[in-house]
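Structure file run_34.csv (CSV, C-alpha atoms and all ligand atoms) is printed below.
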chain,number,residue,atom,x,y,z
A,119,MET,CA,7.0,31.8,-28.3
A,120,ASN,CA,7.0,28.4,-30.2
A,121,PHE,CA,5.3,25.4,-28.7
A,122,TYR,CA,8.5,23.9,-27.4
A,123,GLU,CA,9.2,27.1,-25.5
A,124,GLN,CA,5.7,27.1,-24.1
A,125,ILE,CA,6.2,23.6,-22.7
A,126,HIS,CA,9.2,24.8,-20.8
A,127,SER,CA,7.5,28.0,-19.5
A,128,MET,CA,6.4,28.7,-16.0
A,129,TYR,CA,2.9,28.7,-17.4
A,130,SER,CA,2.9,25.1,-18.3
A,131,ASN,CA,4.3,24.2,-14.8
A,132,ALA,CA,1.6,26.2,-13.2
A,133,ILE,CA,-1.0,24.4,-15.2
A,134,ARG,CA,0.4,21.0,-14.1
A,135,GLU,CA,0.1,22.2,-10.5
A,136,ARG,CA,-3.5,23.1,-11.2
A,137,VAL,CA,-4.2,19.5,-12.2
A,138,LYS,CA,-2.8,18.3,-8.9
A,139,ASN,CA,-4.5,20.9,-6.7
A,140,ALA,CA,-7.8,21.6,-8.4
A,141,ASN,CA,-10.9,21.4,-6.1
A,142,ALA,CA,-14.6,21.2,-6.6
A,143,ALA,CA,-14.9,25.0,-6.8
A,144,ASP,CA,-12.3,25.1,-9.7
A,145,VAL,CA,-14.3,22.4,-11.5
A,146,GLU,CA,-17.6,24.3,-11.1
A,147,ARG,CA,-15.9,27.6,-12.2
A,148,ALA,CA,-14.7,25.8,-15.3
A,149,LEU,CA,-18.1,24.4,-16.0
A,150,GLY,CA,-19.6,27.8,-15.6
A,151,ARG,CA,-17.5,29.3,-18.5
A,152,GLU,CA,-18.6,29.6,-22.1
A,153,HIS,CA,-14.9,29.6,-23.3
A,154,LEU,CA,-12.4,27.5,-21.3
A,155,GLU,CA,-8.9,28.7,-20.4
A,156,ILE,CA,-6.3,26.0,-20.2
A,157,ALA,CA,-6.4,26.3,-16.4
A,158,ASP,CA,-10.1,25.5,-16.6
A,159,PHE,CA,-9.3,22.4,-18.7
A,160,ALA,CA,-6.8,21.3,-16.1
A,161,ALA,CA,-9.5,21.4,-13.5
A,162,LEU,CA,-11.8,19.3,-15.7
A,163,VAL,CA,-9.2,16.5,-16.1
A,164,SER,CA,-8.2,16.6,-12.4
A,165,PRO,CA,-9.3,14.0,-9.8
A,166,ALA,CA,-11.6,16.7,-8.4
A,167,ALA,CA,-13.7,16.5,-11.6
A,168,ALA,CA,-14.6,12.8,-11.3
A,169,PRO,CA,-18.0,13.5,-9.6
A,170,TYR,CA,-18.8,15.9,-12.5
A,171,ILE,CA,-18.2,13.5,-15.3
A,172,GLU,CA,-21.8,13.3,-16.3
A,173,GLU,CA,-22.1,17.1,-16.6
A,174,ILE,CA,-18.8,17.3,-18.6
A,175,ALA,CA,-20.1,14.5,-20.9
A,176,ARG,CA,-23.5,16.2,-21.4
A,177,ARG,CA,-21.8,19.5,-22.4
A,178,SER,CA,-19.3,17.7,-24.7
A,179,ALA,CA,-22.2,15.9,-26.4
A,180,ALA,CA,-24.1,19.2,-26.9
A,181,ILE,CA,-21.1,21.0,-28.3
A,182,THR,CA,-20.2,18.1,-30.6
A,183,GLU,CA,-23.7,17.9,-32.0
A,184,ARG,CA,-23.8,21.7,-32.5
A,185,ARG,CA,-20.5,21.8,-34.3
A,186,PHE,CA,-20.5,18.5,-36.3
A,187,GLY,CA,-24.1,17.3,-36.4
A,188,ARG,CA,-25.0,13.7,-35.6
A,189,VAL,CA,-22.3,12.1,-37.8
A,190,ILE,CA,-19.3,9.9,-37.3
A,191,GLN,CA,-16.7,9.8,-40.0
A,192,LEU,CA,-15.1,6.5,-40.8
A,193,TYR,CA,-11.5,5.8,-42.0
A,194,ALA,CA,-9.1,2.9,-42.4
A,195,PRO,CA,-5.4,2.7,-41.9
A,196,LEU,CA,-3.2,1.2,-44.6
A,197,TYR,CA,0.1,0.1,-43.3
A,198,VAL,CA,2.6,0.4,-46.1
A,199,SER,CA,5.7,-0.5,-44.2
A,200,ASN,CA,6.7,-1.8,-40.8
A,201,GLU,CA,10.5,-1.1,-41.2
A,202,CYS,CA,11.7,1.2,-38.5
A,203,VAL,CA,15.1,2.4,-37.3
A,204,ASN,CA,13.8,3.6,-33.9
A,205,LYS,CA,13.8,1.6,-30.7
A,206,CYS,CA,10.7,2.9,-29.0
A,207,VAL,CA,10.4,0.7,-26.0
A,208,TYR,CA,6.6,0.3,-26.3
A,209,CYS,CA,6.2,-0.5,-30.0
A,210,GLY,CA,5.8,-3.8,-31.9
A,211,PHE,CA,7.7,-2.2,-34.9
A,212,SER,CA,10.8,-1.3,-32.8
A,213,HIS,CA,14.0,-2.0,-34.6
A,214,GLU,CA,15.0,-4.7,-32.2
A,215,VAL,CA,11.7,-6.6,-32.3
A,216,GLY,CA,12.0,-9.8,-34.4
A,217,ILE,CA,8.8,-9.5,-36.5
A,218,PRO,CA,8.5,-10.2,-40.2
A,219,ARG,CA,9.4,-6.9,-42.0
A,220,LEU,CA,7.7,-5.8,-45.1
A,221,THR,CA,7.4,-2.7,-47.3
A,222,LEU,CA,4.6,-3.0,-49.8
A,223,THR,CA,5.4,-2.5,-53.4
A,224,ILE,CA,3.4,0.2,-55.1
A,225,GLU,CA,1.2,-2.5,-56.7
A,226,GLN,CA,0.7,-4.2,-53.3
A,227,ALA,CA,-0.2,-0.9,-51.7
A,228,ILE,CA,-2.7,-0.1,-54.4
A,229,ALA,CA,-4.2,-3.6,-54.0
A,230,GLU,CA,-4.6,-3.1,-50.3
A,231,ALA,CA,-6.1,0.3,-50.9
A,232,ASP,CA,-8.6,-1.2,-53.3
A,233,ALA,CA,-9.6,-3.7,-50.6
A,234,ILE,CA,-10.2,-0.8,-48.2
A,235,ALA,CA,-12.2,1.1,-50.8
A,236,SER,CA,-14.3,-2.0,-51.5
A,237,LEU,CA,-15.4,-1.9,-47.8
A,238,GLY,CA,-16.9,1.6,-48.4
A,239,PHE,CA,-14.1,3.8,-47.1
A,240,ARG,CA,-13.3,7.1,-48.8
A,241,HIS,CA,-10.9,8.3,-46.1
A,242,ILE,CA,-7.6,6.5,-45.8
A,243,LEU,CA,-4.6,6.9,-43.5
A,244,LEU,CA,-1.2,5.7,-44.8
A,245,VAL,CA,0.9,4.4,-41.9
A,246,SER,CA,4.5,3.3,-41.7
A,247,GLY,CA,7.3,2.8,-39.3
A,248,GLU,CA,10.1,5.3,-39.6
A,249,ASP,CA,12.8,4.3,-42.1
A,250,ARG,CA,13.6,6.7,-44.8
A,251,ARG,CA,15.3,4.1,-46.9
A,252,TYR,CA,12.0,2.4,-47.5
A,253,VAL,CA,9.3,5.1,-47.2
A,254,THR,CA,10.5,7.9,-49.4
A,255,VAL,CA,8.7,10.9,-50.8
A,256,PRO,CA,8.7,9.5,-54.3
A,257,TYR,CA,7.4,6.2,-53.0
A,258,LEU,CA,4.5,7.9,-51.1
A,259,THR,CA,3.7,10.3,-53.9
A,260,GLU,CA,3.4,7.5,-56.4
A,261,ILE,CA,1.0,5.6,-54.1
A,262,VAL,CA,-1.0,8.8,-53.4
A,263,ARG,CA,-1.3,9.7,-57.1
A,264,ASN,CA,-2.8,6.2,-57.6
A,265,LEU,CA,-5.3,6.6,-54.8
A,266,ASN,CA,-6.5,10.2,-55.5
A,267,ASN,CA,-9.4,9.0,-57.7
A,268,LYS,CA,-10.5,6.4,-55.1
A,269,PHE,CA,-10.4,8.3,-51.9
A,270,ALA,CA,-11.8,11.7,-50.9
A,271,ALA,CA,-9.1,12.3,-48.3
A,272,ILE,CA,-5.6,10.8,-47.8
A,273,SER,CA,-3.7,11.3,-44.6
A,274,ILE,CA,-0.2,10.1,-43.5
A,275,GLU,CA,1.3,8.9,-40.3
A,276,ILE,CA,4.9,8.3,-41.1
A,277,GLN,CA,8.4,9.6,-40.0
A,278,PRO,CA,8.7,13.4,-39.5
A,279,MET,CA,9.7,15.2,-42.7
A,280,SER,CA,10.7,18.6,-43.8
A,281,GLU,CA,8.4,21.4,-44.9
A,282,ASP,CA,9.5,21.0,-48.5
A,283,GLU,CA,8.9,17.2,-48.4
A,284,TYR,CA,5.4,17.8,-46.9
A,285,ARG,CA,4.8,20.3,-49.7
A,286,GLU,CA,5.5,17.7,-52.3
A,287,LEU,CA,3.1,15.3,-50.6
A,288,VAL,CA,0.4,17.9,-50.4
A,289,ALA,CA,0.9,18.6,-54.1
A,290,ALA,CA,0.5,14.9,-54.8
A,291,GLY,CA,-2.8,14.8,-52.9
A,292,VAL,CA,-2.1,14.2,-49.2
A,293,ASP,CA,-4.6,16.2,-47.0
A,294,GLY,CA,-3.8,15.2,-43.5
A,295,LEU,CA,-0.8,14.6,-41.3
A,296,ALA,CA,-0.7,12.9,-37.9
A,297,ILE,CA,2.4,13.0,-35.6
A,298,TYR,CA,1.9,11.8,-32.1
A,299,GLN,CA,4.3,13.2,-29.6
A,300,GLU,CA,3.8,10.0,-27.5
A,301,THR,CA,4.6,11.8,-24.3
A,302,TYR,CA,5.0,15.6,-23.8
A,303,ASP,CA,7.3,14.9,-20.7
A,304,GLU,CA,10.7,15.5,-22.3
A,305,ALA,CA,12.7,13.6,-19.6
A,306,LEU,CA,10.4,10.6,-19.9
A,307,TYR,CA,10.5,10.8,-23.7
A,308,LYS,CA,14.3,10.4,-23.6
A,309,THR,CA,14.0,7.1,-21.6
A,310,LEU,CA,11.3,5.7,-23.9
A,311,HIS,CA,13.2,6.5,-27.1
A,312,PRO,CA,16.7,5.3,-26.5
A,313,ALA,CA,18.0,5.3,-30.1
A,314,GLY,CA,17.2,6.5,-33.5
A,315,PRO,CA,16.1,9.9,-34.9
A,316,LYS,CA,12.9,9.8,-32.9
A,317,ARG,CA,15.1,10.5,-29.9
A,318,ASN,CA,15.0,14.2,-30.9
A,319,TYR,CA,11.9,15.4,-29.0
A,320,LYS,CA,11.9,18.9,-30.4
A,321,ASN,CA,12.3,17.7,-34.0
A,322,ARG,CA,9.1,15.7,-33.6
A,323,LEU,CA,7.3,18.6,-32.0
A,324,ASP,CA,8.4,20.9,-34.9
A,325,ALA,CA,7.3,18.5,-37.6
A,326,ILE,CA,3.6,18.9,-37.2
A,327,GLU,CA,4.2,22.7,-37.7
A,328,ALA,CA,6.1,22.0,-40.8
A,329,GLY,CA,3.1,20.1,-42.1
A,330,GLY,CA,0.9,23.1,-41.2
A,331,ARG,CA,3.1,25.5,-43.1
A,332,ALA,CA,3.1,23.1,-46.0
A,333,GLY,CA,-0.7,23.3,-46.2
A,334,MET,CA,-1.9,20.0,-44.6
A,335,HIS,CA,-5.6,20.4,-44.1
A,336,SER,CA,-5.8,18.2,-41.0
A,337,LEU,CA,-3.1,18.2,-38.2
A,338,GLY,CA,-3.3,15.2,-36.0
A,339,ILE,CA,-1.8,15.1,-32.5
A,340,GLY,CA,-2.0,13.0,-29.4
A,341,ALA,CA,-0.2,11.3,-26.5
A,342,LEU,CA,0.2,7.5,-26.3
A,343,LEU,CA,-1.7,6.9,-23.1
A,344,GLY,CA,0.0,4.7,-20.6
A,345,LEU,CA,3.5,6.3,-20.9
A,346,GLY,CA,3.2,9.5,-18.8
A,347,ASP,CA,0.6,10.7,-16.3
A,348,TRP,CA,-2.6,10.9,-18.5
A,349,ARG,CA,-3.9,14.1,-16.8
A,350,ASN,CA,-0.7,16.1,-17.5
A,351,GLU,CA,-0.5,14.6,-21.0
A,352,ALA,CA,-4.1,15.7,-21.6
A,353,VAL,CA,-3.3,19.3,-20.6
A,354,MET,CA,-0.3,19.4,-22.9
A,355,VAL,CA,-2.4,18.0,-25.8
A,356,ALA,CA,-5.0,20.6,-25.2
A,357,MET,CA,-2.4,23.3,-25.2
A,358,HIS,CA,-0.8,22.0,-28.3
A,359,GLY,CA,-4.2,21.7,-30.1
A,360,ARG,CA,-5.0,25.3,-29.2
A,361,TYR,CA,-1.6,26.5,-30.3
A,362,LEU,CA,-1.9,24.7,-33.7
A,363,ALA,CA,-5.5,25.9,-34.2
A,364,ARG,CA,-4.4,29.5,-33.7
A,365,LYS,CA,-1.3,29.3,-35.8
A,366,PHE,CA,-2.8,27.2,-38.7
A,367,TRP,CA,-6.3,28.5,-38.7
A,368,ARG,CA,-6.9,27.1,-42.2
A,369,SER,CA,-6.2,23.6,-41.0
A,370,ARG,CA,-8.3,21.5,-38.6
A,371,VAL,CA,-6.8,20.0,-35.5
A,372,ALA,CA,-7.5,16.3,-34.9
A,373,VAL,CA,-6.8,14.7,-31.5
A,374,SER,CA,-6.4,11.0,-30.9
A,375,PHE,CA,-6.5,9.2,-27.6
A,376,PRO,CA,-4.5,6.0,-28.2
A,377,ARG,CA,-4.1,3.7,-25.1
A,378,ILE,CA,-1.2,1.3,-25.3
A,379,ARG,CA,-2.1,-2.1,-26.6
A,380,GLY,CA,-0.3,-5.4,-26.4
A,381,SER,CA,2.4,-5.8,-29.1
A,382,ALA,CA,5.4,-8.0,-29.8
A,383,HIS,CA,7.4,-5.7,-27.6
A,384,LYS,CA,5.7,-6.9,-24.4
A,385,PHE,CA,6.0,-3.4,-22.9
A,386,GLN,CA,4.2,-3.0,-19.6
A,387,PRO,CA,2.8,0.4,-19.0
A,388,LYS,CA,3.1,1.7,-15.5
A,389,SER,CA,-0.5,3.0,-15.3
A,390,LEU,CA,-3.1,3.0,-18.0
A,391,PRO,CA,-6.0,5.4,-17.8
A,392,THR,CA,-9.2,3.5,-17.0
A,393,ASP,CA,-12.3,3.7,-19.3
A,394,ALA,CA,-13.7,6.4,-17.0
A,395,ASP,CA,-10.5,8.4,-17.2
A,396,LEU,CA,-10.6,8.1,-21.0
A,397,VAL,CA,-14.2,9.3,-21.1
A,398,GLN,CA,-13.3,12.2,-18.9
A,399,MET,CA,-10.3,13.2,-21.0
A,400,ILE,CA,-12.2,13.0,-24.3
A,401,CYS,CA,-15.2,15.0,-23.1
A,402,ALA,CA,-13.1,17.6,-21.4
A,403,MET,CA,-11.0,17.9,-24.6
A,404,ARG,CA,-14.2,18.7,-26.5
A,405,LEU,CA,-14.9,21.6,-24.1
A,406,ALA,CA,-11.3,22.9,-24.6
A,407,LEU,CA,-11.2,22.3,-28.4
A,408,PRO,CA,-14.8,22.7,-29.7
A,409,ASP,CA,-13.8,22.5,-33.4
A,410,ALA,CA,-11.3,19.7,-33.2
A,411,GLU,CA,-11.9,16.3,-34.7
A,412,LEU,CA,-11.7,13.8,-31.8
A,413,VAL,CA,-10.5,10.4,-33.1
A,414,MET,CA,-11.1,6.9,-31.7
A,415,SER,CA,-9.3,3.9,-33.1
A,416,THR,CA,-9.8,0.1,-32.9
A,417,ARG,CA,-7.3,0.0,-30.0
A,418,GLU,CA,-10.5,0.3,-27.9
A,419,ASN,CA,-13.1,-2.4,-27.6
A,420,ALA,CA,-16.5,-2.3,-29.3
A,421,ARG,CA,-18.4,-1.7,-26.1
A,422,LEU,CA,-16.4,1.4,-25.2
A,423,ARG,CA,-16.3,2.7,-28.7
A,424,ASP,CA,-20.1,2.4,-29.0
A,425,SER,CA,-20.6,4.1,-25.7
A,426,LEU,CA,-18.5,7.1,-26.9
A,427,ILE,CA,-20.7,7.7,-30.0
A,428,GLY,CA,-22.5,11.0,-29.3
A,429,LEU,CA,-20.2,12.0,-26.5
A,430,GLY,CA,-17.5,13.8,-28.4
A,431,ILE,CA,-15.8,11.5,-30.9
A,432,THR,CA,-16.3,12.5,-34.5
A,433,ARG,CA,-13.9,10.2,-36.4
A,434,THR,CA,-13.3,6.5,-36.0
A,435,SER,CA,-11.4,3.7,-37.7
A,436,ALA,CA,-13.0,0.3,-38.4
A,437,GLY,CA,-12.0,-3.1,-39.6
A,438,SER,CA,-8.3,-2.0,-39.1
A,439,LYS,CA,-5.3,-4.2,-39.9
A,440,THR,CA,-2.1,-3.0,-38.3
A,441,ASN,CA,0.3,-4.9,-40.5
A,442,PRO,CA,1.5,-4.3,-44.1
A,443,GLY,CA,-0.6,-6.6,-46.3
A,444,GLY,CA,-3.2,-7.2,-43.6
A,445,TYR,CA,-6.3,-6.6,-45.8
A,446,GLU,CA,-5.7,-8.4,-49.0
A,447,MET,CA,-2.5,-10.3,-49.3
A,448,ASP,CA,-2.4,-14.0,-49.2
A,449,GLU,CA,0.1,-16.7,-49.8
A,450,ALA,CA,-0.1,-16.1,-53.6
A,451,SER,CA,0.8,-12.4,-53.3
A,452,GLY,CA,3.5,-12.9,-50.6
A,453,PRO,CA,4.0,-13.0,-46.9
A,454,LYS,CA,2.4,-10.3,-44.7
A,455,GLY,CA,4.4,-8.1,-42.3
A,456,GLY,CA,4.1,-8.3,-38.5
A,457,GLU,CA,1.5,-6.2,-36.8
A,458,GLN,CA,2.2,-3.1,-34.7
A,459,PHE,CA,-0.4,-3.9,-32.1
A,460,ALA,CA,-3.5,-6.1,-31.6
A,461,VAL,CA,-6.8,-4.4,-32.2
A,462,SER,CA,-9.6,-4.7,-29.6
A,463,ASP,CA,-12.5,-4.1,-31.9
A,464,PRO,CA,-12.5,-6.8,-34.6
A,465,ARG,CA,-15.9,-5.9,-36.1
A,466,LYS,CA,-16.2,-5.5,-39.8
A,467,PRO,CA,-16.6,-1.8,-41.0
A,468,ALA,CA,-20.3,-2.5,-41.9
A,469,GLU,CA,-20.9,-3.7,-38.4
A,470,VAL,CA,-19.3,-0.5,-36.9
A,471,ALA,CA,-21.4,1.6,-39.3
A,472,ALA,CA,-24.6,-0.3,-38.2
A,473,ALA,CA,-23.7,0.3,-34.5
A,474,ILE,CA,-23.3,4.1,-35.2
A,475,ALA,CA,-26.6,4.1,-37.0
A,476,ALA,CA,-28.3,2.3,-34.2
A,477,LYS,CA,-27.3,5.1,-31.9
A,478,GLY,CA,-29.1,7.6,-34.1
A,479,TYR,CA,-25.9,8.9,-35.8
A,480,GLU,CA,-25.0,8.8,-39.5
A,481,PRO,CA,-21.9,6.9,-40.4
A,482,VAL,CA,-20.1,9.0,-43.0
A,483,TRP,CA,-17.7,7.5,-45.4
A,484,LYS,CA,-16.9,10.8,-47.1
A,485,ASP,CA,-17.2,14.2,-45.6
A,486,PHE,CA,-14.3,16.0,-47.3
A,487,ASP,CA,-13.4,16.9,-50.8
A,488,ARG,CA,-9.9,18.2,-51.5
A,489,THR,CA,-11.3,20.5,-54.2
A,490,LEU,CA,-13.2,22.3,-51.4
A,491,ALA,CA,-10.0,22.7,-49.4
A,492,LYS,CA,-8.4,24.6,-52.3
A,493,CYS,CA,-11.3,27.2,-52.5
A,501,LIG,S1,6.4,4.0,-32.5
A,501,LIG,FE1,6.9,4.5,-34.6
A,501,LIG,S2,9.0,5.2,-34.6
A,501,LIG,FE2,8.7,4.0,-32.7
A,501,LIG,S3,9.3,1.9,-33.1
A,501,LIG,FE3,7.1,2.1,-33.5
A,501,LIG,S4,6.9,2.6,-35.7
A,501,LIG,FE4,9.0,3.0,-35.1

Any chance you could give the structure as structure tokens?
Amino acid sequence: MNFYEQIHSMYSNAIRERVKNANAADVERALGREHLEIADFAALVSPAAAPYIEEIARRSAAITERRFGRVIQLYAPLYVSNECVNKCVYCGFSHEVGIPRLTLTIEQAIAEADAIASLGFRHILLVSGEDRRYVTVPYLTEIVRNLNNKFAAISIEIQPMSEDEYRELVAAGVDGLAIYQETYDEALYKTLHPAGPKRNYKNRLDAIEAGGRAGMHSLGIGALLGLGDWRNEAVMVAMHGRYLARKFWRSRVAVSFPRIRGSAHKFQPKSLPTDADLVQMICAMRLALPDAELVMSTRENARLRDSLIGLGITRTSAGSKTNPGGYEMDEASGPKGGEQFAVSDPRKPAEVAAAIAAKGYEPVWKDFDRTLAKC
């Protein structure tokens, strides 16, 4: 059964019922287990688990320290293009939003990457909207070949591609792929993605597996929190993470927890998870996926990000710019593109690193070497 079929199975319906109906006994049973079933995870993200959040967080912290040590890996996104053919109703890059559009030239992308490297980063995430006319495989491979000697790990968050295209990117030096499903609720997905290739729910779901088959070392997934019911989304993300970890055991699953932020689109989410909900989701995810990277971006504010250090997060961005040209470009080098969303943590990378160190954790700029991945 592939993951799309799993989503439509009786099993996933039963798990969603479990979220709704879980009681204290279910939560305590889950906390008593060494290895969680997905049904146990459902209990841990249910409303019945709210009084147990400290216990869940304590366990999450212990597992994280045992598996990863007292380290937090730092990365920075490099937006290479904000062109997009899709009309996602929540996104500042949506085709119908009137922002300045820009695709960096190869030289501009290298200059932006140099600015990121000068801040200390050795892990970089290349991000774009979804428009194949601008962000092509040759375009990306040329950028990546120029960045290989500057960065220990290069990941991409771009439009879904074919397995062969991912193979070309892996051969050029791409190590990681992130494709967020946004919402795992297929009916809701259709209403949020009214036009463009992204409207194809299954195609998006299949793309991360194409990346796994192509040899991506890191497979990043997540739901955009604020679209669907966060507890159900959490269950689907955990199921998806387990599925990918089993199927692509050579790769590492990475889970992100993006909450919707304000953008030029002015989308109003029906219900955003609170900070406490987010902590519950992250810590429960650690119990369900002990070996997964759990990722926190600058969508969240400094106070919350700092409080999550040591609880389960293992990778965080810092000093992020969410527009093409945001790091280095000035009037002399040309106009910048519009941003995707406003960040909530404006601290410089060095300040984020100092906050991590102040918590007794080591900020790690490089913890991966692609030569090791080939062993
Ligand atoms: S979420 Fe992605 S695909 Fe959708 S409009 Fe934004 S950049 Fe385009």

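The nearest approach to ligand LIG 501 (chain A) among the residues A:Arg370, A:His358, A:Met119, A:Pro376, with all atoms listed in the file taken into account, belongs to A:Pro376.
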
Who sits within 8 Å of stretch 222-231 of chain A, only C-alpha atoms, same chain under 2 positions skipped, as a list in words
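Close residues of stretch 222-231 of chain A: Leu196, Val198, Ser199, Leu220, Ala233, Ile234, Ala235, Tyr257, Glu260, Ile261, Asn264, Leu265, Pro442, Gly443, Gly444, Tyr445, Glu446 and Met447 of chain A.
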
In Å, rounded to a single decimal, give me how far atom CA of A:Val482 is from atom CA of A:Glu469.
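Distance reported for this atom pair: 13.5 Å.
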
Near-A:Asn321 list (10 Å; all atoms listed in the file; drop same-chain fewer than 3 positions) as a ChimeraX atom specification:
/A:122,278-280,315-318,324-326

Name the residues, by chain letter and number, that sit within 10 Å of ligand LIG 501 (chain A) using only C-alpha atoms and all ligand atoms, and give them as a ChimeraX atom specification.
/A:199-215,245-249,275-278,297-300,310-311,313-317,342,383,458-459

Counting all atoms listed in the file, which of A:Ala352, A:Ile190, A:Pro312, A:Pro408 gets nearest to A:Ala472?
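Checking each of A:Ala352, A:Ile190, A:Pro312, A:Pro408 against A:Ala472, counting all atoms listed in the file, the winner is A:Ile190.
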
For atom CA of A:Glu480 and atom CA of A:Asp409, the interatomic separation in Å (one decimal)
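Pair atom CA of A:Glu480 / atom CA of A:Asp409 returns 18.7 Å.
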
Which is closest to A:Trp483 among A:Leu323, A:Ala271, A:Met414, A:Val355, if we use only C-alpha atoms?
A:Ala271

Residues within 10 Å of A:Phe121, please, as a list in words. Count all atoms listed in the file; anything in the same chain fewer than 5 positions from it doesn't count.
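Listed by chain and then number, they are His126, Ser127, Lys320, Leu323, Asp324, Glu327, Met357, His358, Tyr361 and Leu362 of chain A.
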